[in-house]
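Undergrad: Enclosed is the structure file run-v8.pdb (PDB, C-alpha atoms).
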```pdb
MODEL        1
ATOM      1  CA  MET G   1      83.028 -81.834-209.956  1.00  0.00           C
ATOM      2  CA  THR G   2      85.809 -82.776-207.509  1.00  0.00           C
ATOM      3  CA  ILE G   3      88.496 -80.995-205.508  1.00  0.00           C
ATOM      4  CA  GLN G   4      90.929 -81.831-208.336  1.00  0.00           C
ATOM      5  CA  ASP G   5      89.105 -79.266-210.498  1.00  0.00           C
ATOM      6  CA  PHE G   6      90.549 -76.433-208.383  1.00  0.00           C
ATOM      7  CA  ASP G   7      93.903 -74.781-207.772  1.00  0.00           C
ATOM      8  CA  ILE G   8      94.506 -73.588-204.212  1.00  0.00           C
ATOM      9  CA  LEU G   9      97.244 -70.970-204.215  1.00  0.00           C
ATOM     10  CA  VAL G  10      98.891 -68.335-202.082  1.00  0.00           C
ATOM     11  CA  ALA G  11      97.167 -65.206-203.412  1.00  0.00           C
ATOM     12  CA  SER G  12      99.238 -62.482-205.089  1.00  0.00           C
ATOM     13  CA  ALA G  13      98.947 -59.277-207.114  1.00  0.00           C
ATOM     14  CA  GLN G  14      97.388 -61.131-210.039  1.00  0.00           C
ATOM     15  CA  HIS G  15      94.333 -61.936-207.906  1.00  0.00           C
ATOM     16  CA  VAL G  16      93.423 -58.479-206.543  1.00  0.00           C
ATOM     17  CA  ASP G  17      90.627 -58.084-209.107  1.00  0.00           C
ATOM     18  CA  PHE G  18      88.683 -60.716-207.155  1.00  0.00           C
ATOM     19  CA  ALA G  19      88.688 -58.623-203.940  1.00  0.00           C
ATOM     20  CA  GLN G  20      85.310 -56.944-204.515  1.00  0.00           C
ATOM     21  CA  GLN G  21      83.612 -60.228-205.397  1.00  0.00           C
ATOM     22  CA  ILE G  22      85.084 -61.886-202.306  1.00  0.00           C
ATOM     23  CA  CYS G  23      83.872 -59.100-199.997  1.00  0.00           C
ATOM     24  CA  ASP G  24      80.397 -59.135-201.546  1.00  0.00           C
ATOM     25  CA  GLU G  25      80.093 -62.880-201.002  1.00  0.00           C
ATOM     26  CA  MET G  26      81.323 -62.575-197.398  1.00  0.00           C
ATOM     27  CA  ALA G  27      78.537 -60.085-196.682  1.00  0.00           C
ATOM     28  CA  GLU G  28      75.874 -62.152-198.473  1.00  0.00           C
ATOM     29  CA  SER G  29      76.921 -65.327-196.689  1.00  0.00           C
ATOM     30  CA  ALA G  30      76.741 -63.654-193.280  1.00  0.00           C
ATOM     31  CA  LYS G  31      73.302 -62.268-194.107  1.00  0.00           C
ATOM     32  CA  ALA G  32      72.057 -65.708-195.190  1.00  0.00           C
ATOM     33  CA  ARG G  33      73.312 -67.323-191.958  1.00  0.00           C
ATOM     34  CA  GLY G  34      71.791 -64.581-189.847  1.00  0.00           C
ATOM     35  CA  THR G  35      75.062 -64.227-187.975  1.00  0.00           C
ATOM     36  CA  GLY G  36      77.630 -61.490-187.744  1.00  0.00           C
ATOM     37  CA  ILE G  37      80.949 -61.034-189.436  1.00  0.00           C
ATOM     38  CA  ALA G  38      83.719 -58.490-189.115  1.00  0.00           C
ATOM     39  CA  GLN G  39      83.383 -56.638-192.410  1.00  0.00           C
ATOM     40  CA  ARG G  40      86.449 -56.064-194.556  1.00  0.00           C
ATOM     41  CA  SER G  41      86.876 -53.696-197.495  1.00  0.00           C
ATOM     42  CA  PRO G  42      88.097 -54.767-200.947  1.00  0.00           C
ATOM     43  CA  GLU G  43      91.218 -52.670-200.319  1.00  0.00           C
ATOM     44  CA  TYR G  44      91.938 -54.610-197.134  1.00  0.00           C
ATOM     45  CA  VAL G  45      91.489 -57.980-198.874  1.00  0.00           C
ATOM     46  CA  ALA G  46      93.630 -56.874-201.825  1.00  0.00           C
ATOM     47  CA  ASN G  47      96.390 -55.787-199.460  1.00  0.00           C
ATOM     48  CA  LYS G  48      96.411 -59.236-197.856  1.00  0.00           C
ATOM     49  CA  MET G  49      96.969 -60.699-201.299  1.00  0.00           C
ATOM     50  CA  LEU G  50      99.841 -58.311-201.984  1.00  0.00           C
ATOM     51  CA  GLU G  51     101.438 -59.249-198.640  1.00  0.00           C
ATOM     52  CA  GLY G  52     101.269 -62.964-199.446  1.00  0.00           C
ATOM     53  CA  LYS G  53      98.978 -63.494-196.451  1.00  0.00           C
ATOM     54  CA  ALA G  54      95.996 -65.033-198.201  1.00  0.00           C
ATOM     55  CA  VAL G  55      94.964 -68.203-199.972  1.00  0.00           C
ATOM     56  CA  ILE G  56      92.674 -68.238-202.993  1.00  0.00           C
ATOM     57  CA  ALA G  57      90.969 -71.128-204.763  1.00  0.00           C
ATOM     58  CA  LEU G  58      90.312 -70.949-208.492  1.00  0.00           C
ATOM     59  CA  HIS G  59      88.344 -73.288-210.700  1.00  0.00           C
ATOM     60  CA  LYS G  60      90.291 -74.664-213.655  1.00  0.00           C
ATOM     61  CA  ASP G  61      88.375 -72.215-215.887  1.00  0.00           C
ATOM     62  CA  GLY G  62      89.742 -69.273-213.847  1.00  0.00           C
ATOM     63  CA  THR G  63      86.572 -68.566-211.846  1.00  0.00           C
ATOM     64  CA  TRP G  64      87.041 -67.480-208.233  1.00  0.00           C
ATOM     65  CA  ALA G  65      86.044 -70.354-205.936  1.00  0.00           C
ATOM     66  CA  GLY G  66      87.207 -69.596-202.389  1.00  0.00           C
ATOM     67  CA  PHE G  67      89.339 -67.439-200.123  1.00  0.00           C
ATOM     68  CA  CYS G  68      90.856 -67.044-196.648  1.00  0.00           C
ATOM     69  CA  TYR G  69      93.455 -64.662-195.184  1.00  0.00           C
ATOM     70  CA  ILE G  70      95.868 -64.252-192.271  1.00  0.00           C
ATOM     71  CA  GLU G  71      95.676 -61.613-189.574  1.00  0.00           C
ATOM     72  CA  THR G  72      98.254 -61.112-186.804  1.00  0.00           C
ATOM     73  CA  TRP G  73      97.670 -59.697-183.344  1.00  0.00           C
ATOM     74  CA  SER G  74      99.636 -58.880-180.191  1.00  0.00           C
ATOM     75  CA  HIS G  75     102.840 -58.264-182.170  1.00  0.00           C
ATOM     76  CA  GLY G  76     102.638 -61.604-183.979  1.00  0.00           C
ATOM     77  CA  GLN G  77     102.004 -63.718-180.878  1.00  0.00           C
ATOM     78  CA  PHE G  78      98.542 -64.610-182.181  1.00  0.00           C
ATOM     79  CA  VAL G  79      97.456 -65.437-185.725  1.00  0.00           C
ATOM     80  CA  ALA G  80      93.919 -65.752-187.055  1.00  0.00           C
ATOM     81  CA  ASN G  81      92.813 -67.380-190.305  1.00  0.00           C
ATOM     82  CA  SER G  82      89.883 -65.147-191.166  1.00  0.00           C
ATOM     83  CA  GLY G  83      87.302 -64.539-193.849  1.00  0.00           C
ATOM     84  CA  LEU G  84      86.919 -68.134-195.020  1.00  0.00           C
ATOM     85  CA  ILE G  85      84.432 -68.057-197.889  1.00  0.00           C
ATOM     86  CA  VAL G  86      83.510 -70.419-200.718  1.00  0.00           C
ATOM     87  CA  ASN G  87      81.726 -69.400-203.897  1.00  0.00           C
ATOM     88  CA  PRO G  88      78.150 -70.818-203.655  1.00  0.00           C
ATOM     89  CA  ASN G  89      78.580 -72.389-207.090  1.00  0.00           C
ATOM     90  CA  PHE G  90      81.402 -74.578-205.800  1.00  0.00           C
ATOM     91  CA  ARG G  91      80.240 -75.738-202.393  1.00  0.00           C
ATOM     92  CA  LYS G  92      79.945 -79.362-201.252  1.00  0.00           C
ATOM     93  CA  VAL G  93      83.191 -80.486-202.914  1.00  0.00           C
ATOM     94  CA  GLY G  94      85.557 -80.064-199.935  1.00  0.00           C
ATOM     95  CA  LEU G  95      86.930 -76.638-200.829  1.00  0.00           C
ATOM     96  CA  ALA G  96      86.507 -75.153-197.343  1.00  0.00           C
ATOM     97  CA  LYS G  97      88.602 -77.911-195.803  1.00  0.00           C
ATOM     98  CA  ALA G  98      91.275 -77.683-198.505  1.00  0.00           C
ATOM     99  CA  ILE G  99      91.525 -73.890-198.124  1.00  0.00           C
ATOM    100  CA  LYS G 100      91.715 -74.135-194.334  1.00  0.00           C
ATOM    101  CA  GLU G 101      94.494 -76.702-194.575  1.00  0.00           C
ATOM    102  CA  ARG G 102      96.472 -74.504-196.990  1.00  0.00           C
ATOM    103  CA  ILE G 103      96.067 -71.311-194.951  1.00  0.00           C
ATOM    104  CA  PHE G 104      97.007 -73.261-191.813  1.00  0.00           C
ATOM    105  CA  GLU G 105     100.223 -74.434-193.505  1.00  0.00           C
ATOM    106  CA  LEU G 106     100.963 -70.871-194.657  1.00  0.00           C
ATOM    107  CA  SER G 107     100.371 -69.491-191.163  1.00  0.00           C
ATOM    108  CA  ARG G 108     102.611 -72.095-189.532  1.00  0.00           C
ATOM    109  CA  SER G 109     105.314 -71.342-192.096  1.00  0.00           C
ATOM    110  CA  LYS G 110     105.190 -67.575-191.617  1.00  0.00           C
ATOM    111  CA  TYR G 111     104.590 -67.586-187.846  1.00  0.00           C
ATOM    112  CA  PRO G 112     105.856 -70.925-186.464  1.00  0.00           C
ATOM    113  CA  GLU G 113     105.744 -69.820-182.809  1.00  0.00           C
ATOM    114  CA  ALA G 114     102.417 -67.981-182.906  1.00  0.00           C
ATOM    115  CA  LYS G 115      99.179 -69.279-181.448  1.00  0.00           C
ATOM    116  CA  LEU G 116      96.543 -69.758-184.137  1.00  0.00           C
ATOM    117  CA  PHE G 117      92.988 -68.984-183.146  1.00  0.00           C
ATOM    118  CA  GLY G 118      89.558 -68.495-184.594  1.00  0.00           C
ATOM    119  CA  LEU G 119      86.023 -67.431-183.708  1.00  0.00           C
ATOM    120  CA  THR G 120      83.256 -69.185-185.578  1.00  0.00           C
ATOM    121  CA  THR G 121      79.579 -70.097-185.446  1.00  0.00           C
ATOM    122  CA  GLY G 122      79.905 -72.758-188.160  1.00  0.00           C
ATOM    123  CA  LEU G 123      79.914 -76.416-187.166  1.00  0.00           C
ATOM    124  CA  ALA G 124      81.726 -77.368-190.373  1.00  0.00           C
ATOM    125  CA  VAL G 125      84.558 -74.937-189.603  1.00  0.00           C
ATOM    126  CA  MET G 126      84.751 -76.219-186.015  1.00  0.00           C
ATOM    127  CA  LYS G 127      85.141 -79.766-187.331  1.00  0.00           C
ATOM    128  CA  ILE G 128      87.902 -78.729-189.744  1.00  0.00           C
ATOM    129  CA  ASN G 129      89.687 -76.797-186.991  1.00  0.00           C
ATOM    130  CA  SER G 130      89.519 -79.816-184.685  1.00  0.00           C
ATOM    131  CA  GLU G 131      91.092 -82.002-187.373  1.00  0.00           C
ATOM    132  CA  LEU G 132      93.926 -79.463-187.674  1.00  0.00           C
ATOM    133  CA  GLY G 133      94.576 -79.614-183.934  1.00  0.00           C
ATOM    134  CA  TYR G 134      92.606 -76.627-182.655  1.00  0.00           C
ATOM    135  CA  GLU G 135      90.878 -76.976-179.296  1.00  0.00           C
ATOM    136  CA  PRO G 136      87.890 -75.047-177.854  1.00  0.00           C
ATOM    137  CA  VAL G 137      88.992 -72.391-175.359  1.00  0.00           C
ATOM    138  CA  THR G 138      87.574 -69.471-173.410  1.00  0.00           C
ATOM    139  CA  TYR G 139      87.830 -65.972-174.844  1.00  0.00           C
ATOM    140  CA  SER G 140      90.387 -65.123-172.132  1.00  0.00           C
ATOM    141  CA  GLU G 141      92.922 -67.361-173.910  1.00  0.00           C
ATOM    142  CA  LEU G 142      92.697 -65.331-177.124  1.00  0.00           C
ATOM    143  CA  THR G 143      94.544 -62.144-177.964  1.00  0.00           C
ATOM    144  CA  GLN G 144      93.501 -59.170-175.871  1.00  0.00           C
ATOM    145  CA  ASP G 145      94.601 -56.770-178.607  1.00  0.00           C
ATOM    146  CA  GLU G 146      91.969 -54.029-178.743  1.00  0.00           C
ATOM    147  CA  ASP G 147      92.263 -53.797-182.520  1.00  0.00           C
ATOM    148  CA  PHE G 148      91.083 -57.390-182.809  1.00  0.00           C
ATOM    149  CA  TRP G 149      87.953 -56.761-180.759  1.00  0.00           C
ATOM    150  CA  LYS G 150      87.261 -53.558-182.672  1.00  0.00           C
ATOM    151  CA  GLY G 151      86.829 -55.784-185.697  1.00  0.00           C
ATOM    152  CA  CYS G 152      83.704 -57.190-184.063  1.00  0.00           C
ATOM    153  CA  THR G 153      81.915 -53.818-184.006  1.00  0.00           C
ATOM    154  CA  SER G 154      80.331 -54.477-187.401  1.00  0.00           C
ATOM    155  CA  CYS G 155      78.983 -57.842-186.217  1.00  0.00           C
ATOM    156  CA  VAL G 156      75.244 -58.077-185.490  1.00  0.00           C
ATOM    157  CA  ASN G 157      76.113 -59.811-182.207  1.00  0.00           C
ATOM    158  CA  TYR G 158      78.450 -57.080-180.966  1.00  0.00           C
ATOM    159  CA  ASP G 159      76.017 -55.917-178.263  1.00  0.00           C
ATOM    160  CA  ILE G 160      75.878 -59.474-176.916  1.00  0.00           C
ATOM    161  CA  LEU G 161      79.671 -59.640-176.811  1.00  0.00           C
ATOM    162  CA  MET G 162      79.959 -56.375-174.890  1.00  0.00           C
ATOM    163  CA  SER G 163      77.084 -57.159-172.523  1.00  0.00           C
ATOM    164  CA  LYS G 164      79.026 -60.255-171.470  1.00  0.00           C
ATOM    165  CA  GLY G 165      82.223 -58.340-170.898  1.00  0.00           C
ATOM    166  CA  ARG G 166      83.904 -59.935-173.924  1.00  0.00           C
ATOM    167  CA  LYS G 167      83.963 -63.259-172.068  1.00  0.00           C
ATOM    168  CA  ASN G 168      81.773 -65.093-174.573  1.00  0.00           C
ATOM    169  CA  CYS G 169      79.376 -64.560-177.449  1.00  0.00           C
ATOM    170  CA  MET G 170      77.646 -66.533-180.224  1.00  0.00           C
ATOM    171  CA  CYS G 171      80.991 -67.633-181.658  1.00  0.00           C
ATOM    172  CA  THR G 172      83.039 -70.558-180.385  1.00  0.00           C
ATOM    173  CA  ALA G 173      86.704 -69.760-179.718  1.00  0.00           C
ATOM    174  CA  MET G 174      89.285 -72.314-180.870  1.00  0.00           C
ATOM    175  CA  LEU G 175      93.056 -72.277-180.416  1.00  0.00           C
ATOM    176  CA  PHE G 176      96.113 -74.093-181.799  1.00  0.00           C
ATOM    177  CA  ASP G 177      99.090 -73.610-179.456  1.00  0.00           C
ATOM    178  CA  PRO G 178     102.348 -74.886-181.036  1.00  0.00           C
ATOM    179  CA  ALA G 179     104.133 -74.930-177.677  1.00  0.00           C
ATOM    180  CA  ASP G 180     101.373 -77.050-176.177  1.00  0.00           C
ATOM    181  CA  LYS G 181     101.387 -79.384-179.189  1.00  0.00           C
ATOM    182  CA  ALA G 182     105.168 -79.780-178.910  1.00  0.00           C
ATOM    183  CA  LYS G 183     104.818 -80.642-175.224  1.00  0.00           C
ATOM    184  CA  GLN G 184     102.108 -83.202-176.014  1.00  0.00           C
ATOM    185  CA  ALA G 185     104.350 -84.787-178.651  1.00  0.00           C
ATOM    186  CA  GLU G 186     107.253 -84.883-176.185  1.00  0.00           C
ATOM    187  CA  ASN G 187     105.109 -86.546-173.523  1.00  0.00           C
ATOM    188  CA  LYS G 188     103.826 -89.064-176.053  1.00  0.00           C
ATOM    189  CA  LEU G 189     107.404 -89.922-177.056  1.00  0.00           C
ATOM    190  CA  LYS G 190     108.351 -90.345-173.389  1.00  0.00           C
ATOM    191  CA  ASN G 191     105.417 -92.696-172.853  1.00  0.00           C
ATOM    192  CA  ILE G 192     106.365 -94.753-175.900  1.00  0.00           C
ATOM    193  CA  THR G 193     110.004 -94.914-174.736  1.00  0.00           C
ATOM    194  CA  HIS G 194     108.912 -95.874-171.213  1.00  0.00           C
ATOM    195  CA  LYS G 195     106.669 -98.645-172.538  1.00  0.00           C
ATOM    196  CA  ALA G 196     109.440 -99.918-174.803  1.00  0.00           C
ATOM    197  CA  THR G 197     111.899 -99.976-171.892  1.00  0.00           C
ATOM    198  CA  LEU G 198     109.376-101.737-169.665  1.00  0.00           C
ATOM    199  CA  LEU G 199     108.701-104.333-172.368  1.00  0.00           C
ATOM    200  CA  GLU G 200     112.432-104.906-172.777  1.00  0.00           C
ATOM    201  CA  ARG G 201     112.787-105.471-169.019  1.00  0.00           C
ATOM    202  CA  ILE G 202     109.933-107.951-169.035  1.00  0.00           C
ATOM    203  CA  GLU G 203     111.440-109.818-171.985  1.00  0.00           C
ATOM    204  CA  ASN G 204     114.833-109.935-170.258  1.00  0.00           C
ATOM    205  CA  ALA G 205     113.204-111.198-167.074  1.00  0.00           C
ATOM    206  CA  LEU G 206     111.395-113.917-168.999  1.00  0.00           C
ATOM    207  CA  ARG G 207     114.619-114.963-170.699  1.00  0.00           C
ATOM    208  CA  GLY G 208     116.278-115.148-167.288  1.00  0.00           C
ATOM    209  CA  SER G 209     113.449-117.249-165.934  1.00  0.00           C
ATOM    210  CA  SER G 210     113.674-119.588-168.908  1.00  0.00           C
ATOM    211  CA  LYS G 211     117.401-120.106-168.306  1.00  0.00           C
ATOM    212  CA  ILE G 212     116.818-120.865-164.629  1.00  0.00           C
ATOM    213  CA  ILE G 213     114.099-123.354-165.477  1.00  0.00           C
ATOM    214  CA  ALA G 214     116.368-125.011-168.032  1.00  0.00           C
ATOM    215  CA  LEU G 215     119.190-125.345-165.473  1.00  0.00           C
ATOM    216  CA  LEU G 216     116.873-126.770-162.854  1.00  0.00           C
ATOM    217  CA  ALA G 217     115.619-129.323-165.340  1.00  0.00           C
ATOM    218  CA  LYS G 218     119.199-130.625-165.786  1.00  0.00           C
ATOM    219  CA  VAL G 219     119.731-131.111-162.056  1.00  0.00           C
TER     220      VAL G 219
ENDMDL
END
```
Translate this file's structure into structure tokens.
TA:
Amino acid sequence: MTIQDFDILVASAQHVDFAQQICDEMAESAKARGTGIAQRSPEYVANKMLEGKAVIALHKDGTWAGFCYIETWSHGQFVANSGLIVNPNFRKVGLAKAIKERIFELSRSKYPEAKLFGLTTGLAVMKINSELGYEPVTYSELTQDEDFWKGCTSCVNYDILMSKGRKNCMCTAMLFDPADKAKQAENKLKNITHKATLLERIENALRGSSKIIALLAKV
């Protein structure tokens, strides 16, 4: 079995029947890891599909294989790719990475100026996020929207979060800031241009030196 055996699509109305199965697997996965997760209802997941704010992976035989959805906070200034889950029958083939890449593309398309962020305890997810350009940050750099933090109330680590004044918890916070990435790209271009200009000056100076040497040799 390879990643080519799956279709990774923007979820729609034709996929809402998978909502209950997706929610059940989210809960089972969290229980198996012994970590918390903000619980979502099948109705909530189905609505994300209807809004075109979710990505679903299907095996070529039509079996549900994976899922992830978009949430927006602070009036669209922040976007989270949440609820990443892979069917246990289809793990170890790169589905999580492929789904994350697709939901990242969808998020950037829908909200090009928003900051993308995530909270996770999974090392695999952290690695994927890093490859996409996310960087570890403090909780203070995330949305301060109260509705977002209310989503943590169903997490088994909620008491830890609150005891630390929402400054940190068991999850690692990661952020992709498009403005910061654009600035980094601009600075990189400036450095390349500067180096190219400097190299050109050196080459011109060497040519000048060669001409002088050639003239002196004729004297």
Undergrad: Have a look at G:Cys169, G:Ala114, G:Val86, G:Ala27 and name the one nearest to Ser154 in chain G; count only C-alpha atoms.
TA: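 Under the stated criterion, the closest residue is G:Ala27.
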Undergrad: Excluding Gly122 in chain G and any residue of its chain fewer than 2 positions from it, enumerate the residues within 10 Å of it, using only C-alpha atoms, and give them as a PDB file with C-alpha atoms, in the frame of the given file.
TA:
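This went into selection.pdb:
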```pdb
ATOM      1  CA  ARG G  33      73.312 -67.323-191.958  1.00  0.00           C
ATOM      2  CA  THR G  35      75.062 -64.227-187.975  1.00  0.00           C
ATOM      3  CA  LEU G 119      86.023 -67.431-183.708  1.00  0.00           C
ATOM      4  CA  THR G 120      83.256 -69.185-185.578  1.00  0.00           C
ATOM      5  CA  ALA G 124      81.726 -77.368-190.373  1.00  0.00           C
ATOM      6  CA  VAL G 125      84.558 -74.937-189.603  1.00  0.00           C
ATOM      7  CA  MET G 126      84.751 -76.219-186.015  1.00  0.00           C
ATOM      8  CA  LYS G 127      85.141 -79.766-187.331  1.00  0.00           C
ATOM      9  CA  CYS G 171      80.991 -67.633-181.658  1.00  0.00           C
ATOM     10  CA  THR G 172      83.039 -70.558-180.385  1.00  0.00           C
TER      11      THR G 172
END
```
Undergrad: Please identify all polymer residues within 9 Å of range 3-20 of chain G, counting only C-alpha atoms, omitting same-chain residues fewer than 6 positions from it, and present them as an MDAnalysis selection string.
TA: chainID G and resid 41:61 64:67 93:95 98:99 102:103 106
Undergrad: What are the centre and edge lengths in Å, to one decimal, of the axis-aligned box around all listed atoms of range 38-52 of chain G with 4 Å added on each side, as JSON?
TA:
```
{"center_x": 92.4, "center_y": -57.8, "center_z": -195.5, "size_x": 26.1, "size_y": 18.3, "size_z": 20.9}
```
Undergrad: Taking only C-alpha atoms into account, which of G:Ile85, G:Ile70, G:Ala196, G:Val79 comes nearest Pro112 in chain G?
TA: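 Under the stated criterion, the closest residue is G:Val79.
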Undergrad: List as a short mmCIF file (atom, residue, chain, number, x, y, z; two decimals) with C-alpha atoms, in the coordinates of the input the protein and nucleic acid residues near range 138-149 of chain G, meaning an atom at most 10 Å away when all atoms listed in the file are counted, but skip any in the same chain fewer than 4 places from it.
TA:
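File produced: around29.cif:
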```
data_model
loop_
_atom_site.label_atom_id
_atom_site.label_comp_id
_atom_site.auth_asym_id
_atom_site.auth_seq_id
_atom_site.Cartn_x
_atom_site.Cartn_y
_atom_site.Cartn_z
CA ALA G 38 83.72 -58.49 -189.12
CA GLU G 71 95.68 -61.61 -189.57
CA THR G 72 98.25 -61.11 -186.80
CA TRP G 73 97.67 -59.70 -183.34
CA SER G 74 99.64 -58.88 -180.19
CA HIS G 75 102.84 -58.26 -182.17
CA GLN G 77 102.00 -63.72 -180.88
CA PHE G 78 98.54 -64.61 -182.18
CA VAL G 79 97.46 -65.44 -185.72
CA ALA G 80 93.92 -65.75 -187.06
CA LYS G 115 99.18 -69.28 -181.45
CA LEU G 116 96.54 -69.76 -184.14
CA PHE G 117 92.99 -68.98 -183.15
CA GLY G 118 89.56 -68.50 -184.59
CA LEU G 119 86.02 -67.43 -183.71
CA THR G 153 81.92 -53.82 -184.01
CA TYR G 158 78.45 -57.08 -180.97
CA LEU G 161 79.67 -59.64 -176.81
CA MET G 162 79.96 -56.38 -174.89
CA ARG G 166 83.90 -59.94 -173.92
CA LYS G 167 83.96 -63.26 -172.07
CA ASN G 168 81.77 -65.09 -174.57
CA CYS G 169 79.38 -64.56 -177.45
CA CYS G 171 80.99 -67.63 -181.66
CA THR G 172 83.04 -70.56 -180.38
CA ALA G 173 86.70 -69.76 -179.72
CA MET G 174 89.28 -72.31 -180.87
CA LEU G 175 93.06 -72.28 -180.42
#
```
Undergrad: To one decimal in Å, tell me the separation between CA of Phe90 in chain G and CA of Ser107 in chain G.
TA: 24.5 Å
Undergrad: Between G:Gly76, G:Gly83, G:Pro88, G:Gly62, which residue has the minimum interatomic distance to Cys23 in chain G, considering all atoms listed in the file?
TA: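 Counting all atoms listed in the file, the residue closest to Cys23 in chain G is G:Gly83.
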Undergrad: Find the distance between CA of Ala179 in chain G and CA of Lys110 in chain G and write it in Å to one decimal.
TA: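 So the answer is 15.8 Å.
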Undergrad: State, in Å with one decimal place, the distance from CA of Lys150 in chain G to CA of Val137 in chain G.
TA: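 CA of Val137 in chain G lies at a distance of 20.3 Å from CA of Lys150 in chain G.
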Undergrad: List the neighbours of Phe104 in chain G out to 8 Å using all atoms listed in the file; skip same-chain residues closer than 4 positions along the sequence, and give me the result as number ranges by chain.
TA: G: 81, 100, 108
Undergrad: Those residues you just picked out, can you put them in a file as a compact mmCIF listing (two decimals), in the frame of the given file with C-alpha atoms?
TA:
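Output contents, as saved in result-v7.txt:
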```
# COMPACT_ATOMS: atom_id res chain seq x y z
CA ASN G 81 92.81 -67.38 -190.30
CA LYS G 100 91.72 -74.14 -194.33
CA ARG G 108 102.61 -72.10 -189.53
```
Undergrad: Leaving out range 182-192 of chain G and any residue of its chain fewer than 6 positions from it, which residues lie within 12 Å of it when counting only C-alpha atoms, given as a compact mmCIF listing (two decimals) with C-alpha atoms, in the coordinates of the input?
TA:
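Printed below is result.txt as written:
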```txt
# COMPACT_ATOMS: atom_id res chain seq x y z
CA PRO G 112 105.86 -70.92 -186.46
CA GLU G 113 105.74 -69.82 -182.81
CA GLY G 133 94.58 -79.61 -183.93
CA PHE G 176 96.11 -74.09 -181.80
CA LEU G 198 109.38 -101.74 -169.66
CA LEU G 199 108.70 -104.33 -172.37
```
